[in-house]
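> Input file: work30.cif. Contents: mmCIF, C-alpha atoms and all ligand atoms.
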```
data_run
#
loop_
_atom_site.label_atom_id
_atom_site.label_comp_id
_atom_site.auth_asym_id
_atom_site.auth_seq_id
_atom_site.Cartn_x
_atom_site.Cartn_y
_atom_site.Cartn_z
CA MET A 30 -8.55 -30.07 -4.49
CA ARG A 31 -4.75 -29.84 -4.61
CA THR A 32 -2.15 -27.34 -5.85
CA GLN A 33 1.48 -26.40 -5.22
CA VAL A 34 0.89 -22.93 -3.71
CA GLY A 35 -2.44 -21.94 -2.13
CA ILE A 36 -2.84 -18.13 -2.16
CA ILE A 37 -5.38 -16.45 0.10
CA GLY A 38 -6.44 -13.05 -1.26
CA ALA A 39 -6.76 -11.54 -4.75
CA GLY A 40 -5.48 -8.09 -3.92
CA PRO A 41 -2.24 -6.82 -5.46
CA ALA A 42 -0.08 -9.18 -3.37
CA GLY A 43 -2.02 -12.35 -4.16
CA LEU A 44 -2.50 -11.57 -7.83
CA LEU A 45 1.13 -10.55 -8.38
CA LEU A 46 2.40 -13.66 -6.59
CA GLY A 47 0.10 -15.91 -8.59
CA ARG A 48 1.27 -14.32 -11.82
CA LEU A 49 4.99 -14.68 -11.04
CA LEU A 50 4.51 -18.32 -10.01
CA SER A 51 2.41 -19.20 -13.06
CA LEU A 52 5.01 -17.68 -15.41
CA ASN A 53 7.54 -20.04 -13.80
CA GLY A 54 5.36 -23.12 -14.17
CA ILE A 55 4.35 -23.29 -10.51
CA GLU A 56 0.72 -24.27 -10.01
CA ASN A 57 -1.26 -22.01 -7.72
CA VAL A 58 -4.87 -21.36 -6.72
CA ILE A 59 -6.16 -18.01 -5.44
CA LEU A 60 -9.05 -17.90 -2.96
CA GLU A 61 -10.74 -14.50 -2.69
CA ARG A 62 -13.65 -13.93 -0.35
CA ARG A 63 -15.08 -11.01 -2.31
CA SER A 64 -16.24 -10.75 -5.90
CA ALA A 65 -13.84 -9.52 -8.59
CA ALA A 66 -16.04 -6.45 -9.02
CA TYR A 67 -15.75 -5.62 -5.32
CA VAL A 68 -11.97 -6.00 -5.38
CA LEU A 69 -11.79 -3.65 -8.36
CA SER A 70 -14.09 -1.12 -6.68
CA ARG A 71 -11.59 -0.40 -3.93
CA VAL A 72 -9.80 2.94 -4.44
CA ARG A 73 -6.23 2.76 -3.18
CA ALA A 74 -2.98 4.67 -3.53
CA GLY A 75 -0.93 4.58 -6.69
CA VAL A 76 2.64 5.81 -6.26
CA LEU A 77 4.98 3.07 -7.52
CA GLU A 78 8.66 2.70 -6.70
CA ARG A 79 10.97 1.44 -9.44
CA GLY A 80 11.02 -2.02 -7.80
CA THR A 81 7.27 -2.30 -8.10
CA VAL A 82 7.38 -1.37 -11.79
CA GLU A 83 10.11 -4.00 -12.26
CA ALA A 84 7.92 -6.60 -10.54
CA LEU A 85 5.03 -5.80 -12.89
CA GLU A 86 7.41 -6.05 -15.86
CA GLU A 87 8.61 -9.45 -14.58
CA ALA A 88 4.91 -10.38 -14.39
CA ASP A 89 4.51 -9.29 -18.02
CA CYS A 90 1.77 -6.93 -16.82
CA ALA A 91 3.31 -3.53 -17.41
CA GLU A 92 2.25 -2.80 -20.98
CA ARG A 93 -0.66 -0.45 -20.07
CA LEU A 94 1.34 0.98 -17.17
CA ARG A 95 4.13 1.97 -19.59
CA ARG A 96 1.52 3.67 -21.80
CA GLU A 97 -0.59 5.42 -19.20
CA ALA A 98 1.46 5.92 -16.02
CA LEU A 99 2.68 9.38 -15.06
CA VAL A 100 6.39 9.65 -14.21
CA HIS A 101 7.05 12.08 -11.34
CA HIS A 102 10.57 13.47 -10.87
CA GLY A 103 9.66 15.44 -7.75
CA LEU A 104 7.09 16.15 -5.06
CA GLN A 105 6.11 19.31 -3.24
CA ILE A 106 5.68 20.13 0.43
CA VAL A 107 3.61 23.10 1.61
CA PHE A 108 4.13 23.96 5.26
CA ASP A 109 1.99 26.84 6.57
CA ASN A 110 1.87 28.17 2.99
CA ARG A 111 5.67 27.95 2.54
CA TYR A 112 6.61 25.85 -0.51
CA LEU A 113 9.44 23.38 -0.99
CA ARG A 114 10.03 21.07 -3.95
CA ILE A 115 11.90 17.83 -3.34
CA ASP A 116 13.74 16.99 -6.57
CA LEU A 117 13.62 13.19 -6.37
CA GLN A 118 15.46 12.71 -9.66
CA ALA A 119 18.32 15.10 -8.90
CA LEU A 120 18.75 13.86 -5.32
CA THR A 121 18.53 10.09 -5.97
CA GLY A 122 18.74 9.49 -9.73
CA SER A 123 15.29 7.89 -9.44
CA SER A 124 11.70 8.97 -9.88
CA VAL A 125 8.32 7.42 -9.02
CA VAL A 126 5.42 6.40 -11.21
CA VAL A 127 1.78 7.33 -10.56
CA TYR A 128 -0.63 4.57 -11.65
CA GLY A 129 -3.69 3.65 -9.60
CA GLN A 130 -3.68 0.39 -7.64
CA THR A 131 -7.06 -0.40 -9.13
CA GLU A 132 -5.43 -0.41 -12.58
CA ILE A 133 -2.68 -2.72 -11.38
CA THR A 134 -5.31 -5.08 -9.98
CA ARG A 135 -7.22 -4.89 -13.26
CA ASP A 136 -4.10 -5.69 -15.29
CA LEU A 137 -3.14 -8.60 -13.03
CA MET A 138 -6.69 -10.00 -13.09
CA ALA A 139 -6.71 -9.85 -16.91
CA ALA A 140 -3.36 -11.62 -17.10
CA ARG A 141 -4.55 -14.36 -14.75
CA GLU A 142 -7.74 -14.76 -16.73
CA SER A 143 -5.76 -15.19 -19.94
CA GLU A 144 -3.34 -17.71 -18.42
CA GLY A 145 -6.30 -19.74 -17.10
CA SER A 146 -5.03 -20.25 -13.54
CA PRO A 147 -7.84 -20.98 -11.06
CA THR A 148 -9.17 -18.10 -8.99
CA PHE A 149 -12.16 -18.73 -6.74
CA TYR A 150 -14.01 -15.52 -5.99
CA GLU A 151 -16.54 -15.38 -3.13
CA ALA A 152 -14.47 -18.13 -1.57
CA GLU A 153 -13.62 -17.33 2.04
CA ALA A 154 -10.69 -19.12 3.67
CA THR A 155 -11.77 -20.03 7.18
CA LYS A 156 -8.79 -22.00 8.48
CA ILE A 157 -5.23 -22.94 7.66
CA VAL A 158 -4.58 -26.50 8.85
CA ASP A 159 -1.10 -27.88 9.68
CA PRO A 160 0.90 -24.89 8.41
CA GLU A 161 4.01 -26.36 10.01
CA SER A 162 3.64 -29.67 8.14
CA ASP A 163 4.74 -30.37 4.56
CA ARG A 164 1.06 -30.79 3.59
CA PRO A 165 -0.73 -27.66 4.81
CA LYS A 166 -4.40 -27.27 3.93
CA ILE A 167 -6.70 -24.30 3.49
CA ILE A 168 -10.34 -24.80 4.50
CA PHE A 169 -12.58 -22.45 2.59
CA ARG A 170 -16.28 -21.82 2.00
CA HIS A 171 -17.43 -21.52 -1.59
CA ALA A 172 -20.78 -22.14 -3.26
CA ASP A 173 -22.30 -22.83 0.17
CA ARG A 174 -19.89 -25.70 0.76
CA ASP A 175 -16.85 -26.13 2.98
CA GLN A 176 -13.99 -27.24 0.78
CA THR A 177 -10.34 -28.11 1.28
CA LEU A 178 -7.33 -26.96 -0.75
CA GLU A 179 -4.28 -29.15 -0.15
CA CYS A 180 -0.99 -27.50 -1.03
CA ASP A 181 2.78 -27.52 -0.52
CA PHE A 182 2.82 -23.89 0.64
CA VAL A 183 0.27 -21.28 1.77
CA ALA A 184 0.68 -17.58 0.89
CA GLY A 185 -1.29 -15.38 3.26
CA CYS A 186 -2.04 -12.39 1.01
CA ASP A 187 -5.33 -11.70 2.75
CA GLY A 188 -4.71 -8.19 4.02
CA PHE A 189 -5.00 -6.68 7.48
CA HIS A 190 -8.40 -8.26 8.14
CA GLY A 191 -7.45 -11.70 6.84
CA ILE A 192 -7.07 -14.97 8.76
CA SER A 193 -3.49 -15.91 7.89
CA ARG A 194 -1.91 -14.30 10.95
CA THR A 195 -4.13 -16.46 13.15
CA ALA A 196 -2.30 -19.53 11.81
CA ILE A 197 0.77 -18.39 13.76
CA PRO A 198 0.55 -19.54 17.41
CA PRO A 199 0.25 -16.66 19.91
CA SER A 200 3.45 -17.93 21.53
CA VAL A 201 5.28 -17.30 18.25
CA LEU A 202 3.48 -14.23 16.82
CA ARG A 203 4.68 -10.78 17.82
CA THR A 204 2.75 -7.67 16.72
CA TYR A 205 3.72 -4.00 16.86
CA GLU A 206 1.09 -1.30 16.40
CA ARG A 207 0.49 2.41 16.51
CA ALA A 208 -2.98 3.84 15.88
CA TYR A 209 -3.04 7.55 15.03
CA PRO A 210 -5.77 9.81 16.49
CA PHE A 211 -7.02 10.87 13.05
CA GLY A 212 -8.01 9.52 9.64
CA TRP A 213 -7.91 10.61 6.00
CA LEU A 214 -11.04 11.74 4.21
CA GLY A 215 -10.41 10.96 0.53
CA VAL A 216 -12.18 12.22 -2.59
CA LEU A 217 -11.87 11.04 -6.18
CA ALA A 218 -13.11 13.47 -8.85
CA ASP A 219 -12.92 13.69 -12.61
CA VAL A 220 -11.26 17.11 -12.57
CA LYS A 221 -7.83 18.25 -13.73
CA PRO A 222 -5.19 17.86 -11.00
CA CYS A 223 -4.08 21.14 -9.43
CA SER A 224 -0.42 20.35 -10.01
CA ASP A 225 1.76 18.10 -12.15
CA GLU A 226 3.31 16.69 -8.98
CA LEU A 227 1.97 15.47 -5.64
CA ILE A 228 1.61 18.13 -2.95
CA TYR A 229 1.84 17.21 0.75
CA ALA A 230 0.50 20.09 2.84
CA SER A 231 0.78 20.73 6.58
CA HIS A 232 -1.52 23.42 7.94
CA PRO A 233 -2.62 24.28 11.50
CA ARG A 234 -6.07 22.97 10.51
CA GLY A 235 -4.55 19.65 9.43
CA PHE A 236 -2.78 17.71 6.69
CA ALA A 237 -3.89 17.65 3.04
CA LEU A 238 -2.63 15.76 -0.01
CA ALA A 239 -3.14 16.60 -3.66
CA SER A 240 -2.64 13.53 -5.84
CA MET A 241 -4.01 12.20 -9.11
CA ARG A 242 -4.87 9.13 -11.19
CA SER A 243 -4.52 10.69 -14.66
CA PRO A 244 -4.40 14.15 -16.32
CA THR A 245 -8.20 14.26 -15.93
CA ARG A 246 -8.78 12.48 -12.60
CA SER A 247 -7.70 13.89 -9.22
CA ARG A 248 -7.33 12.24 -5.84
CA TYR A 249 -7.38 14.46 -2.75
CA TYR A 250 -7.22 13.77 0.99
CA ILE A 251 -7.63 15.83 4.14
CA GLN A 252 -6.75 14.74 7.66
CA CYS A 253 -9.91 14.44 9.74
CA PRO A 254 -11.14 13.15 13.11
CA LEU A 255 -11.90 9.43 13.14
CA ASP A 256 -15.54 9.96 14.11
CA ILE A 257 -16.67 12.15 11.22
CA GLN A 258 -19.89 11.29 9.38
CA LEU A 259 -19.51 11.33 5.61
CA ASP A 260 -22.93 12.93 5.22
CA GLN A 261 -21.57 15.90 7.19
CA TRP A 262 -18.94 16.38 4.46
CA PRO A 263 -20.68 17.42 1.25
CA ASP A 264 -18.36 18.14 -1.66
CA GLU A 265 -18.52 21.90 -1.13
CA ARG A 266 -17.28 21.57 2.45
CA PHE A 267 -14.46 19.24 1.36
CA TRP A 268 -13.26 21.55 -1.41
CA GLU A 269 -13.24 24.60 0.87
CA GLU A 270 -11.26 22.81 3.58
CA LEU A 271 -8.84 21.36 1.04
CA LYS A 272 -8.13 24.75 -0.54
CA GLU A 273 -7.60 26.33 2.88
CA ARG A 274 -4.98 23.76 3.77
CA LEU A 275 -3.18 23.75 0.41
CA GLY A 276 -2.69 27.51 0.62
CA PRO A 277 -3.82 30.30 -1.72
CA ASP A 278 -1.24 29.76 -4.48
CA VAL A 279 -2.13 26.07 -4.92
CA ALA A 280 -5.82 26.61 -4.20
CA ALA A 281 -5.99 28.96 -7.19
CA HIS A 282 -5.29 25.91 -9.40
CA VAL A 283 -7.75 23.53 -7.73
CA THR A 284 -10.60 22.56 -10.06
CA THR A 285 -13.60 21.42 -8.07
CA GLY A 286 -16.33 19.07 -9.23
CA PRO A 287 -18.62 16.27 -8.05
CA SER A 288 -16.88 13.51 -6.10
CA ILE A 289 -17.17 10.05 -7.68
CA GLU A 290 -15.86 8.41 -4.50
CA LYS A 291 -15.59 9.68 -0.95
CA SER A 292 -14.27 7.56 1.94
CA LEU A 293 -12.67 7.71 5.37
CA ALA A 294 -9.56 5.65 6.08
CA PRO A 295 -8.03 5.06 9.53
CA ILE A 296 -4.29 5.67 9.82
CA ARG A 297 -2.21 2.99 11.51
CA SER A 298 1.25 1.45 11.68
CA PHE A 299 1.29 -2.32 12.16
CA VAL A 300 3.83 -5.12 11.82
CA ALA A 301 3.42 -8.85 12.47
CA GLU A 302 6.55 -10.93 13.03
CA PRO A 303 7.62 -13.43 11.87
CA MET A 304 6.26 -13.32 8.31
CA ARG A 305 6.65 -17.09 8.03
CA TYR A 306 5.38 -20.02 10.06
CA GLY A 307 6.26 -23.45 8.73
CA ARG A 308 5.04 -23.51 5.13
CA MET A 309 2.79 -20.44 5.52
CA PHE A 310 4.15 -17.09 4.37
CA LEU A 311 2.55 -13.69 5.02
CA ALA A 312 2.85 -11.02 2.31
CA GLY A 313 1.52 -7.48 1.99
CA ASP A 314 -1.06 -5.98 4.31
CA ALA A 315 -1.50 -9.37 6.03
CA ALA A 316 1.89 -8.71 7.63
CA HIS A 317 2.17 -4.93 7.80
CA ILE A 318 0.29 -1.66 7.49
CA VAL A 319 1.85 1.76 7.01
CA PRO A 320 0.25 5.23 7.18
CA PRO A 321 -0.40 6.19 3.52
CA THR A 322 1.66 9.37 3.97
CA GLY A 323 4.76 7.68 2.62
CA ALA A 324 2.92 5.86 -0.22
CA LYS A 325 4.58 2.59 0.84
CA GLY A 326 1.71 0.08 1.23
CA LEU A 327 1.56 -1.23 -2.32
CA ASN A 328 5.34 -1.04 -2.74
CA LEU A 329 5.96 -3.11 0.39
CA ALA A 330 3.44 -5.71 -0.82
CA ALA A 331 5.21 -5.92 -4.19
CA GLY A 332 8.57 -6.19 -2.43
CA ASP A 333 7.40 -9.11 -0.25
CA VAL A 334 5.97 -10.88 -3.28
CA ARG A 335 9.14 -10.53 -5.36
CA ILE A 336 11.16 -12.09 -2.53
CA LEU A 337 8.61 -14.87 -1.93
CA ALA A 338 8.26 -15.69 -5.62
CA ARG A 339 12.06 -15.97 -6.00
CA ALA A 340 12.21 -18.25 -2.96
CA LEU A 341 9.44 -20.56 -4.20
CA ILE A 342 10.93 -20.70 -7.70
CA ALA A 343 14.33 -21.66 -6.21
CA TYR A 344 12.61 -24.40 -4.21
CA TYR A 345 10.68 -25.91 -7.10
CA LYS A 346 13.38 -25.51 -9.75
CA GLN A 347 16.51 -26.30 -7.69
CA GLY A 348 15.22 -27.84 -4.44
CA LEU A 349 16.78 -24.97 -2.49
CA THR A 350 15.24 -23.78 0.79
CA ASP A 351 17.69 -21.04 1.77
CA LEU A 352 15.63 -18.20 0.25
CA LEU A 353 12.51 -19.51 1.96
CA ASP A 354 14.41 -19.58 5.25
CA ALA A 355 15.60 -16.00 4.70
CA TYR A 356 12.19 -14.64 3.62
CA SER A 357 10.90 -13.19 6.88
CA THR A 358 14.16 -11.52 7.93
CA GLN A 359 14.74 -10.04 4.46
CA CYS A 360 11.20 -8.66 4.17
CA LEU A 361 11.14 -7.25 7.69
CA THR A 362 14.28 -5.19 7.02
CA HIS A 363 12.40 -3.41 4.22
CA VAL A 364 9.18 -3.29 6.24
CA TRP A 365 10.71 -1.54 9.23
CA ARG A 366 12.55 0.94 7.00
CA ALA A 367 9.20 1.86 5.42
CA GLU A 368 7.45 1.91 8.81
CA ARG A 369 9.98 4.39 10.13
CA PHE A 370 9.73 6.66 7.08
CA SER A 371 5.92 6.54 6.99
CA TRP A 372 5.75 7.31 10.72
CA TRP A 373 8.19 10.21 10.25
CA MET A 374 6.27 11.71 7.28
CA THR A 375 3.00 11.34 9.23
CA SER A 376 4.37 12.90 12.44
CA PHE A 377 6.02 15.73 10.47
CA LEU A 378 2.98 16.75 8.43
CA HIS A 379 -0.13 16.01 10.51
CA THR A 380 -1.60 18.26 13.19
CA LEU A 381 -2.10 16.20 16.32
CA PRO A 382 -5.52 16.93 17.86
CA GLU A 383 -4.01 17.60 21.27
CA ALA A 384 -1.04 19.34 19.61
CA ASP A 385 0.73 21.45 22.15
CA PRO A 386 2.69 24.48 20.89
CA PHE A 387 5.96 22.60 21.43
CA ALA A 388 4.89 19.87 18.94
CA ARG A 389 4.09 22.44 16.26
CA LYS A 390 7.42 24.24 16.84
CA LEU A 391 9.21 20.92 16.32
CA GLN A 392 7.37 20.44 13.00
CA GLU A 393 8.29 23.97 11.94
CA ALA A 394 11.93 23.25 12.79
CA GLU A 395 11.74 20.02 10.75
CA PHE A 396 10.50 21.95 7.75
CA ALA A 397 13.12 24.70 8.18
CA TYR A 398 15.88 22.08 8.30
CA LEU A 399 14.48 20.28 5.26
CA ALA A 400 14.28 23.56 3.35
CA ARG A 401 17.96 24.33 3.82
CA SER A 402 19.62 20.90 4.00
CA LYS A 403 20.36 18.86 0.88
CA ALA A 404 21.19 15.96 3.20
CA ALA A 405 17.73 16.14 4.79
CA GLN A 406 16.06 16.37 1.37
CA THR A 407 18.13 13.43 0.13
CA ALA A 408 17.05 11.34 3.11
CA LEU A 409 13.39 12.06 2.35
CA ALA A 410 13.87 11.45 -1.39
CA GLU A 411 15.73 8.14 -0.91
CA ASN A 412 12.98 6.79 1.31
CA TYR A 413 10.22 8.04 -0.97
CA VAL A 414 11.63 6.49 -4.18
CA GLY A 415 12.66 3.35 -2.28
CA VAL A 416 16.46 3.46 -2.58
CA ARG A 417 17.72 0.36 -0.76
CA HIS A 418 21.11 0.43 0.96
N1 LIG A 501 -10.37 -15.52 2.46
C1 LIG A 501 -10.18 -15.09 1.18
N2 LIG A 501 -9.82 -13.81 0.87
C2 LIG A 501 -9.66 -12.95 1.89
C3 LIG A 501 -9.83 -13.33 3.25
C4 LIG A 501 -10.21 -14.68 3.50
N3 LIG A 501 -10.39 -15.12 4.75
N4 LIG A 501 -9.59 -12.24 4.04
C5 LIG A 501 -9.28 -11.22 3.21
N5 LIG A 501 -9.32 -11.64 1.92
C6 LIG A 501 -9.03 -10.86 0.71
C7 LIG A 501 -9.62 -9.46 0.73
O1 LIG A 501 -10.97 -9.48 0.27
C8 LIG A 501 -8.70 -8.71 -0.23
O2 LIG A 501 -9.20 -8.73 -1.55
O3 LIG A 501 -7.63 -10.63 0.66
C9 LIG A 501 -7.39 -9.48 -0.15
C10 LIG A 501 -6.28 -8.65 0.49
O4 LIG A 501 -5.97 -7.57 -0.40
P1 LIG A 501 -5.41 -6.16 0.16
O5 LIG A 501 -6.14 -5.83 1.41
O6 LIG A 501 -5.46 -5.20 -0.99
O7 LIG A 501 -3.92 -6.45 0.58
P2 LIG A 501 -2.62 -6.68 -0.33
O8 LIG A 501 -2.91 -7.56 -1.49
O9 LIG A 501 -1.56 -7.04 0.61
O10 LIG A 501 -2.31 -5.25 -0.96
C11 LIG A 501 -1.77 -4.22 -0.19
O11 LIG A 501 -3.61 -2.84 -0.71
O12 LIG A 501 -4.79 -2.14 1.12
C12 LIG A 501 -3.90 -1.75 0.17
O13 LIG A 501 -2.60 0.02 1.05
C13 LIG A 501 -2.62 -1.34 0.79
O14 LIG A 501 -1.68 -0.69 -1.23
C14 LIG A 501 -1.65 -1.71 -0.26
C15 LIG A 501 -2.20 -2.95 -0.85
C1 LIG A 502 -2.91 8.47 -3.76
O1 LIG A 502 -2.76 8.92 -4.93
O2 LIG A 502 -3.94 7.86 -3.41
C2 LIG A 502 -1.80 8.67 -2.76
C3 LIG A 502 -0.60 9.22 -3.19
C4 LIG A 502 0.43 9.40 -2.27
C5 LIG A 502 0.25 9.04 -0.94
C6 LIG A 502 -0.97 8.47 -0.51
C7 LIG A 502 -2.00 8.29 -1.43
O3 LIG A 502 1.24 9.24 -0.04
#
```
So, in terms of structure tokens, how does the structure I just supplied come out?
Ligand code: APR
Ligand code: PHB

Amino acid sequence: MRTQVGIIGAGPAGLLLGRLLSLNGIENVILERRSAAYVLSRVRAGVLERGTVEALEEADCAERLRREALVHHGLQIVFDNRYLRIDLQALTGSSVVVYGQTEITRDLMAARESEGSPTFYEAEATKIVDPESDRPKIIFRHADRDQTLECDFVAGCDGFHGISRTAIPPSVLRTYERAYPFGWLGVLADVKPCSDELIYASHPRGFALASMRSPTRSRYYIQCPLDIQLDQWPDERFWEELKERLGPDVAAHVTTGPSIEKSLAPIRSFVAEPMRYGRMFLAGDAAHIVPPTGAKGLNLAAGDVRILARALIAYYKQGLTDLLDAYSTQCLTHVWRAERFSWWMTSFLHTLPEADPFARKLQEAEFAYLARSKAAQTALAENYVGVRH
């Protein structure tokens, strides 16, 4: 089997890349180890920067988003029951859009289906051969057979647990990592959100986040130890802990109800450099992971893909290689900016298990400065909406 661009992974990065390439007449094949149903079952964040919305518009996949997405002009921070609204629109001239990642994946899958480009589900890539040659190959297992996809380029969009990074020799690959000593326990429930805007709460018992998917579907998280057992967290216990951490004023607006999804996610920062090796390019979670506190994961993936798509289009349409050569450096500038912001938001708002009194006093000082400084609020707002300098 042969194509121009072999894409490993049908998450947001792989699907968006495939769509942008197909719209520009560039043949591509997506290999996805899971079923389409499994990919769609994953519940992930959904705060979109303007650049991500633009990418979906370029992909001609933003029609439902424009109809159903919620535009947010601000966010709220609750620190030990003290409230602060960050006016994103007034401070940056930009807002963010709330639209679940599952819906983006659904829209991209539907677009790919209608364009007829080949996607092999339950097809696991097992090896990338000769990535540094001009004829790289992807070995994959599908329908109980080992098969080979010959291509001009390989896009490693296979997430944190994918194989693409292993195609970069250890002598070349550099990784940077920080694992946090806590996770997020997330609940999805078909209840009215407690607020029109997202609320990030820091409480001595731990962090909490009030988010949403629609006017009738809420998404909540509480910081928790990494070793919790989900069966020790019945809905009632989750709702009580959440309300405690959000504070009485917000808690009064929390509508509880049966969870339709409950899961524990580890919190980590991770970057792999370089994001290119020969004709293999990493994009999205395959190259970087951010703590979800800054809502950057999906936006970074979309940013990588926009840059990679432009570079591949310039190669195929004009024979240019300069954008391909600049890919890794350009993406990593954005990646590290998001890593720093996500680390800062996480350190500011989470209660470290071994938190000494000094650490909490620093967080209180951070909040006090944010509450009185327009410059500090602007810095947070610019990073949250994704203003690029
Ligand atoms: N072969 C084929 N597919 C694979 C392989 C493999 N060896 N390994 C992983 N995959 C698939 C996974 O099943 C998954 O569907 O690659 C896909 C990677 O998708 P994501 O993990 O969603 O990563 P990405 O597309 O970069 O999207 C990043 O997803 O995890 C969130 O917070 C993250 O919002 C961010 C977004
Ligand atoms: C979510 O809605 O899942 C969400 C929103 C904002 C975040 C993280 C997750 O920072």
> Could the residues that lie within 6 Å of ligand LIG 501 (chain A), counting all atoms listed in the file, be listed as a PyMOL selection string?
chain A and resi 37-43+60-63+68+74+152-155+186-188+190-192+313-315+326-327+330
> If you keep C-alpha atoms, can you produce a file of those selected residues as a compact mmCIF listing (two decimals), keeping the file's coordinate frame?

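Heads up, here's the output in result.txt:
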```
# COMPACT_ATOMS: atom_id res chain seq x y z
CA ILE A 37 -5.38 -16.45 0.10
CA GLY A 38 -6.44 -13.05 -1.26
CA ALA A 39 -6.76 -11.54 -4.75
CA GLY A 40 -5.48 -8.09 -3.92
CA PRO A 41 -2.24 -6.82 -5.46
CA ALA A 42 -0.08 -9.18 -3.37
CA GLY A 43 -2.02 -12.35 -4.16
CA LEU A 60 -9.05 -17.90 -2.96
CA GLU A 61 -10.74 -14.50 -2.69
CA ARG A 62 -13.65 -13.93 -0.35
CA ARG A 63 -15.08 -11.01 -2.31
CA VAL A 68 -11.97 -6.00 -5.38
CA ALA A 74 -2.98 4.67 -3.53
CA ALA A 152 -14.47 -18.13 -1.57
CA GLU A 153 -13.62 -17.33 2.04
CA ALA A 154 -10.69 -19.12 3.67
CA THR A 155 -11.77 -20.03 7.18
CA CYS A 186 -2.04 -12.39 1.01
CA ASP A 187 -5.33 -11.70 2.75
CA GLY A 188 -4.71 -8.19 4.02
CA HIS A 190 -8.40 -8.26 8.14
CA GLY A 191 -7.45 -11.70 6.84
CA ILE A 192 -7.07 -14.97 8.76
CA GLY A 313 1.52 -7.48 1.99
CA ASP A 314 -1.06 -5.98 4.31
CA ALA A 315 -1.50 -9.37 6.03
CA GLY A 326 1.71 0.08 1.23
CA LEU A 327 1.56 -1.23 -2.32
CA ALA A 330 3.44 -5.71 -0.82
```
> Need the neighbours of (7.1, 4.3, 0.0): which residues are at most 8 Å away, counting all atoms listed in the file, as a short mmCIF file (atom, residue, chain, number, x, y, z; two decimals) with C-alpha atoms, keeping the file's coordinate frame?

```cif
data_model
loop_
_atom_site.label_atom_id
_atom_site.label_comp_id
_atom_site.auth_asym_id
_atom_site.auth_seq_id
_atom_site.Cartn_x
_atom_site.Cartn_y
_atom_site.Cartn_z
CA VAL A 76 2.64 5.81 -6.26
CA LEU A 77 4.98 3.07 -7.52
CA GLU A 78 8.66 2.70 -6.70
CA GLY A 323 4.76 7.68 2.62
CA ALA A 324 2.92 5.86 -0.22
CA LYS A 325 4.58 2.59 0.84
CA GLY A 326 1.71 0.08 1.23
CA ASN A 328 5.34 -1.04 -2.74
CA LEU A 329 5.96 -3.11 0.39
CA ALA A 367 9.20 1.86 5.42
CA PHE A 370 9.73 6.66 7.08
CA SER A 371 5.92 6.54 6.99
CA ASN A 412 12.98 6.79 1.31
CA TYR A 413 10.22 8.04 -0.97
CA VAL A 414 11.63 6.49 -4.18
CA GLY A 415 12.66 3.35 -2.28
#
```
> Distance cut-off 10 Å, centre (-10.7, 22.6, -0.5) in file coordinates, counting all atoms listed in the file: which residues qualify? Return them as a JSON list (two decimals) with C-alpha atoms, keeping the file's coordinate frame.

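Result file is result.json:
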```
[["chain", "number", "residue", "atom", "x", "y", "z"],
["A", 237, "ALA", "CA", -3.89, 17.65, 3.04],
["A", 249, "TYR", "CA", -7.38, 14.46, -2.75],
["A", 250, "TYR", "CA", -7.22, 13.77, 0.99],
["A", 251, "ILE", "CA", -7.63, 15.83, 4.14],
["A", 264, "ASP", "CA", -18.36, 18.14, -1.66],
["A", 265, "GLU", "CA", -18.52, 21.90, -1.13],
["A", 266, "ARG", "CA", -17.28, 21.57, 2.45],
["A", 267, "PHE", "CA", -14.46, 19.24, 1.36],
["A", 268, "TRP", "CA", -13.26, 21.55, -1.41],
["A", 269, "GLU", "CA", -13.24, 24.60, 0.87],
["A", 270, "GLU", "CA", -11.26, 22.81, 3.58],
["A", 271, "LEU", "CA", -8.84, 21.36, 1.04],
["A", 272, "LYS", "CA", -8.13, 24.75, -0.54],
["A", 273, "GLU", "CA", -7.60, 26.33, 2.88],
["A", 274, "ARG", "CA", -4.98, 23.76, 3.77],
["A", 275, "LEU", "CA", -3.18, 23.75, 0.41],
["A", 276, "GLY", "CA", -2.69, 27.51, 0.62],
["A", 280, "ALA", "CA", -5.82, 26.61, -4.20],
["A", 283, "VAL", "CA", -7.75, 23.53, -7.73],
["A", 284, "THR", "CA", -10.60, 22.56, -10.06],
["A", 285, "THR", "CA", -13.60, 21.42, -8.07]]
```
> For Lys291 in chain A, work out the shell of residues within 10 Å, counting all atoms listed in the file and skipping chain neighbours fewer than 6 positions away, then give it as a PyMOL selection string.
chain A and resi 72+214-218+248-250+259+262-264+267
> Pick the closest to Ala184 in chain A from A:Leu45, A:Leu349, A:Val82, A:Ala301: which is it, counting all atoms listed in the file?
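So, comparing all the options, the nearest one is A:Leu45.
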> Pick out the closest residue to Ala65 in chain A from this set: A:Glu142, A:Glu290, A:Asp385, A:Asp173. Count only C-alpha atoms.
A:Glu142
> Grab the CA of Leu399 in chain A to CA of Ile296 in chain A distance for me, in Å with one decimal place.
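Computed distance, CA of Leu399 in chain A to CA of Ile296 in chain A, equals 24.2 Å.
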> Under the rule that all atoms listed in the file are counted, which of A:Gly122, A:Pro321, A:Gly332, A:Gly307 is the nearest residue to ligand LIG 502 (chain A)?
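Closest residue, counting all atoms listed in the file: A:Pro321.
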> Go ahead and compute the interatomic distance for CA of Ile59 in chain A and CA of Tyr128 in chain A, in Å to one decimal.
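Separating CA of Ile59 in chain A from CA of Tyr128 in chain A is a distance of 24.1 Å.
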> So which one's closest to Asp163 in chain A, A:Arg417, A:Arg308, A:Arg335, A:His102? Using only C-alpha atoms, please.
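Residue with the minimum atom-to-atom distance to Asp163 in chain A: A:Arg308.
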> Pick the closest to ligand LIG 502 (chain A) from A:Ile257, A:Ala312, A:Ile336, A:Val126: which is it, counting all atoms listed in the file?
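Among the listed residues, A:Val126 lies closest to ligand LIG 502 (chain A).
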